[in-house]
Amino acid sequence: MYVVVERQNGGVFGFGATPEKASADFVRRDIWYDGPSLEIYRCLPALYRQLEAASDESLIARCRINSKGVAVLRNDRVAVLPLSGPRAIRLRKGQPCT
């Protein structure tokens, strides 16, 4: 189980059973991302289950990377948050404007 994560703020941009499936999920979501580089990390089953249960486009998932380099639930035990109000993260659906 793997997730595509922005390490700085813990935003999850894709997930899958293998690194390739996690990358494919990120591409499938058609998100143009303008920020720090994204990395693929192994994740714990608890985080993966929450991501699978809430695979909705109107939600943003967050996690943290532990000392072993594994994506885990945040300390408040909430992985998926509704997208409401202004967000500091810069995401655009589709291709960038030229």
# chains A, B, ... in the order shown; residues from 1 in each chain; ligands from 1
>>> closest_atom_pairs(of="region 36-75 of chain A", to="region 4-28 of chain A", cutoff="8 Å", atoms="only C-alpha atoms", output="tab-separated table")
residue	atom	partner	partner_atom	distance
A:Pro36	CA	A:Glu6	CA	6.8
A:Ser37	CA	A:Glu6	CA	6.6
A:Leu38	CA	A:Glu6	CA	4.8
A:Glu39	CA	A:Val5	CA	5.4
A:Ile40	CA	A:Val4	CA	4.5
A:Tyr41	CA	A:Val4	CA	6.6
A:Tyr48	CA	A:Phe15	CA	7.6
A:Leu51	CA	A:Phe15	CA	7.7
A:Ile60	CA	A:Val12	CA	7.2
A:Ala61	CA	A:Val12	CA	5.2
A:Arg62	CA	A:Gly11	CA	4.6
A:Cys63	CA	A:Gly10	CA	4.9
A:Arg64	CA	A:Gly10	CA	5.3
A:Ile65	CA	A:Arg7	CA	7.3
>>> select_by_dssp(residues="region 13-57 of chain A", states="helix (DSSP H, G or I)", output="list in words")
Pro19, Glu20, Lys21, Ala22, Ser23, Ala24, Asp25, Phe26, Val27, Arg28, Pro45, Ala46, Leu47, Tyr48, Arg49, Gln50, Leu51, Glu52 and Ala53 of chain A
>>> atom_distance(atom1="CA of Ala71 (chain A)", atom2="CA of Leu44 (chain A)")
6.5 Å
>>> atom_distance(atom1="CA of Tyr2 (chain A)", atom2="CA of Arg42 (chain A)")
4.4 Å
>>> residues_around(residues="Leu47 (chain A)", least_positions_apart="3", cutoff="7 Å", atoms="only C-alpha atoms", output="list of chain:residue names")
A:Cys43, A:Leu44, A:Gln50, A:Leu51, A:Val72, A:Leu73, A:Ala79
>>> decode(residues="region 25-62 of chain A", atoms="N, CA, C and O atoms", output="mmCIF file, in the first residue's frame")
data_model
loop_
_atom_site.group_PDB
_atom_site.id
_atom_site.type_symbol
_atom_site.label_atom_id
_atom_site.label_comp_id
_atom_site.auth_asym_id
_atom_site.auth_seq_id
_atom_site.Cartn_x
_atom_site.Cartn_y
_atom_site.Cartn_z
ATOM 1 N N ASP A 25 -3.094 6.577 -10.010
ATOM 2 C CA ASP A 25 -4.232 7.243 -9.363
ATOM 3 C C ASP A 25 -4.037 8.749 -9.377
ATOM 4 O O ASP A 25 -4.980 9.501 -9.626
ATOM 5 N N PHE A 26 -2.811 9.211 -9.142
ATOM 6 C CA PHE A 26 -2.520 10.648 -9.202
ATOM 7 C C PHE A 26 -2.771 11.187 -10.609
ATOM 8 O O PHE A 26 -3.402 12.223 -10.787
ATOM 9 N N VAL A 27 -2.331 10.462 -11.623
ATOM 10 C CA VAL A 27 -2.535 10.886 -13.007
ATOM 11 C C VAL A 27 -4.022 10.857 -13.362
ATOM 12 O O VAL A 27 -4.543 11.760 -14.021
ATOM 13 N N ARG A 28 -4.744 9.836 -12.896
ATOM 14 C CA ARG A 28 -6.169 9.702 -13.176
ATOM 15 C C ARG A 28 -6.966 10.871 -12.620
ATOM 16 O O ARG A 28 -7.933 11.321 -13.219
ATOM 17 N N ARG A 29 -6.555 11.387 -11.483
ATOM 18 C CA ARG A 29 -7.273 12.513 -10.868
ATOM 19 C C ARG A 29 -7.100 13.808 -11.651
ATOM 20 O O ARG A 29 -7.806 14.769 -11.423
ATOM 21 N N ASP A 30 -6.167 13.844 -12.594
ATOM 22 C CA ASP A 30 -5.968 14.987 -13.493
ATOM 23 C C ASP A 30 -5.758 16.286 -12.716
ATOM 24 O O ASP A 30 -6.407 17.295 -12.956
ATOM 25 N N ILE A 31 -4.828 16.260 -11.761
ATOM 26 C CA ILE A 31 -4.512 17.437 -10.954
ATOM 27 C C ILE A 31 -3.220 18.045 -11.468
ATOM 28 O O ILE A 31 -2.215 17.355 -11.623
ATOM 29 N N TRP A 32 -3.264 19.334 -11.752
ATOM 30 C CA TRP A 32 -2.039 20.063 -12.075
ATOM 31 C C TRP A 32 -1.528 20.629 -10.767
ATOM 32 O O TRP A 32 -2.175 21.457 -10.135
ATOM 33 N N TYR A 33 -0.374 20.179 -10.344
ATOM 34 C CA TYR A 33 0.163 20.513 -9.029
ATOM 35 C C TYR A 33 1.332 21.466 -9.186
ATOM 36 O O TYR A 33 2.265 21.195 -9.930
ATOM 37 N N ASP A 34 1.278 22.589 -8.478
ATOM 38 C CA ASP A 34 2.335 23.593 -8.522
ATOM 39 C C ASP A 34 2.871 23.768 -7.107
ATOM 40 O O ASP A 34 2.363 24.566 -6.332
ATOM 41 N N GLY A 35 3.871 22.998 -6.748
ATOM 42 C CA GLY A 35 4.403 23.072 -5.392
ATOM 43 C C GLY A 35 5.631 22.197 -5.261
ATOM 44 O O GLY A 35 6.222 21.762 -6.253
ATOM 45 N N PRO A 36 6.038 21.914 -4.015
ATOM 46 C CA PRO A 36 7.204 21.048 -3.793
ATOM 47 C C PRO A 36 7.000 19.675 -4.427
ATOM 48 O O PRO A 36 5.876 19.268 -4.688
ATOM 49 N N SER A 37 8.082 18.984 -4.650
ATOM 50 C CA SER A 37 7.987 17.686 -5.326
ATOM 51 C C SER A 37 7.181 16.687 -4.510
ATOM 52 O O SER A 37 7.156 16.722 -3.281
ATOM 53 N N LEU A 38 6.523 15.798 -5.228
ATOM 54 C CA LEU A 38 5.727 14.745 -4.607
ATOM 55 C C LEU A 38 6.565 13.478 -4.543
ATOM 56 O O LEU A 38 7.365 13.210 -5.434
ATOM 57 N N GLU A 39 6.360 12.707 -3.483
ATOM 58 C CA GLU A 39 7.113 11.477 -3.294
ATOM 59 C C GLU A 39 6.153 10.342 -2.994
ATOM 60 O O GLU A 39 5.040 10.564 -2.530
ATOM 61 N N ILE A 40 6.588 9.119 -3.262
ATOM 62 C CA ILE A 40 5.773 7.935 -2.981
ATOM 63 C C ILE A 40 6.314 7.265 -1.731
ATOM 64 O O ILE A 40 7.513 7.010 -1.614
ATOM 65 N N TYR A 41 5.401 7.000 -0.785
ATOM 66 C CA TYR A 41 5.760 6.352 0.475
ATOM 67 C C TYR A 41 4.859 5.147 0.715
ATOM 68 O O TYR A 41 3.710 5.132 0.278
ATOM 69 N N ARG A 42 5.410 4.161 1.431
ATOM 70 C CA ARG A 42 4.561 3.080 1.931
ATOM 71 C C ARG A 42 3.610 3.680 2.952
ATOM 72 O O ARG A 42 3.935 4.684 3.588
ATOM 73 N N CYS A 43 2.442 3.076 3.141
ATOM 74 C CA CYS A 43 1.523 3.593 4.160
ATOM 75 C C CYS A 43 0.969 2.441 4.988
ATOM 76 O O CYS A 43 0.955 1.291 4.549
ATOM 77 N N LEU A 44 0.522 2.783 6.162
ATOM 78 C CA LEU A 44 -0.078 1.794 7.052
ATOM 79 C C LEU A 44 -1.492 1.456 6.586
ATOM 80 O O LEU A 44 -2.170 2.284 5.973
ATOM 81 N N PRO A 45 -1.969 0.245 6.888
ATOM 82 C CA PRO A 45 -3.311 -0.161 6.469
ATOM 83 C C PRO A 45 -4.428 0.763 6.976
ATOM 84 O O PRO A 45 -5.409 0.980 6.269
ATOM 85 N N ALA A 46 -4.289 1.323 8.163
ATOM 86 C CA ALA A 46 -5.343 2.206 8.703
ATOM 87 C C ALA A 46 -5.530 3.436 7.821
ATOM 88 O O ALA A 46 -6.658 3.847 7.532
ATOM 89 N N LEU A 47 -4.438 4.021 7.371
ATOM 90 C CA LEU A 47 -4.517 5.178 6.479
ATOM 91 C C LEU A 47 -5.101 4.770 5.135
ATOM 92 O O LEU A 47 -5.973 5.444 4.595
ATOM 93 N N TYR A 48 -4.658 3.639 4.602
ATOM 94 C CA TYR A 48 -5.144 3.173 3.304
ATOM 95 C C TYR A 48 -6.654 2.917 3.341
ATOM 96 O O TYR A 48 -7.369 3.275 2.402
ATOM 97 N N ARG A 49 -7.145 2.317 4.430
ATOM 98 C CA ARG A 49 -8.587 2.056 4.563
ATOM 99 C C ARG A 49 -9.382 3.350 4.569
ATOM 100 O O ARG A 49 -10.439 3.441 3.945
ATOM 101 N N GLN A 50 -8.892 4.386 5.259
ATOM 102 C CA GLN A 50 -9.598 5.669 5.276
ATOM 103 C C GLN A 50 -9.608 6.296 3.891
ATOM 104 O O GLN A 50 -10.608 6.880 3.478
ATOM 105 N N LEU A 51 -8.521 6.182 3.163
ATOM 106 C CA LEU A 51 -8.464 6.734 1.815
ATOM 107 C C LEU A 51 -9.421 6.004 0.878
ATOM 108 O O LEU A 51 -10.093 6.623 0.065
ATOM 109 N N GLU A 52 -9.486 4.683 0.992
ATOM 110 C CA GLU A 52 -10.406 3.911 0.163
ATOM 111 C C GLU A 52 -11.859 4.242 0.480
ATOM 112 O O GLU A 52 -12.675 4.369 -0.425
ATOM 113 N N ALA A 53 -12.177 4.398 1.754
ATOM 114 C CA ALA A 53 -13.561 4.665 2.173
ATOM 115 C C ALA A 53 -14.024 6.045 1.737
ATOM 116 O O ALA A 53 -15.210 6.262 1.525
ATOM 117 N N ALA A 54 -13.121 6.986 1.602
ATOM 118 C CA ALA A 54 -13.492 8.366 1.289
ATOM 119 C C ALA A 54 -12.896 8.814 -0.033
ATOM 120 O O ALA A 54 -12.410 9.924 -0.142
ATOM 121 N N SER A 55 -12.927 7.962 -1.039
ATOM 122 C CA SER A 55 -12.360 8.345 -2.334
ATOM 123 C C SER A 55 -13.337 9.255 -3.073
ATOM 124 O O SER A 55 -13.973 8.870 -4.025
ATOM 125 N N ASP A 56 -13.441 10.483 -2.587
ATOM 126 C CA ASP A 56 -14.341 11.487 -3.140
ATOM 127 C C ASP A 56 -13.502 12.671 -3.589
ATOM 128 O O ASP A 56 -12.553 13.062 -2.916
ATOM 129 N N GLU A 57 -13.849 13.267 -4.718
ATOM 130 C CA GLU A 57 -13.072 14.387 -5.253
ATOM 131 C C GLU A 57 -13.185 15.649 -4.393
ATOM 132 O O GLU A 57 -12.378 16.549 -4.511
ATOM 133 N N SER A 58 -14.203 15.749 -3.528
ATOM 134 C CA SER A 58 -14.384 16.963 -2.729
ATOM 135 C C SER A 58 -13.661 16.878 -1.382
ATOM 136 O O SER A 58 -13.898 17.694 -0.506
ATOM 137 N N LEU A 59 -12.816 15.892 -1.216
ATOM 138 C CA LEU A 59 -12.087 15.722 0.038
ATOM 139 C C LEU A 59 -10.593 15.800 -0.224
ATOM 140 O O LEU A 59 -10.116 15.457 -1.293
ATOM 141 N N ILE A 60 -9.866 16.268 0.773
ATOM 142 C CA ILE A 60 -8.403 16.236 0.702
ATOM 143 C C ILE A 60 -7.896 15.393 1.858
ATOM 144 O O ILE A 60 -8.415 15.478 2.971
ATOM 145 N N ALA A 61 -6.952 14.550 1.574
ATOM 146 C CA ALA A 61 -6.421 13.647 2.590
ATOM 147 C C ALA A 61 -5.090 14.191 3.090
ATOM 148 O O ALA A 61 -4.318 14.768 2.342
ATOM 149 N N ARG A 62 -4.835 13.991 4.371
ATOM 150 C CA ARG A 62 -3.583 14.426 4.991
ATOM 151 C C ARG A 62 -3.006 13.258 5.776
ATOM 152 O O ARG A 62 -3.728 12.419 6.291
#
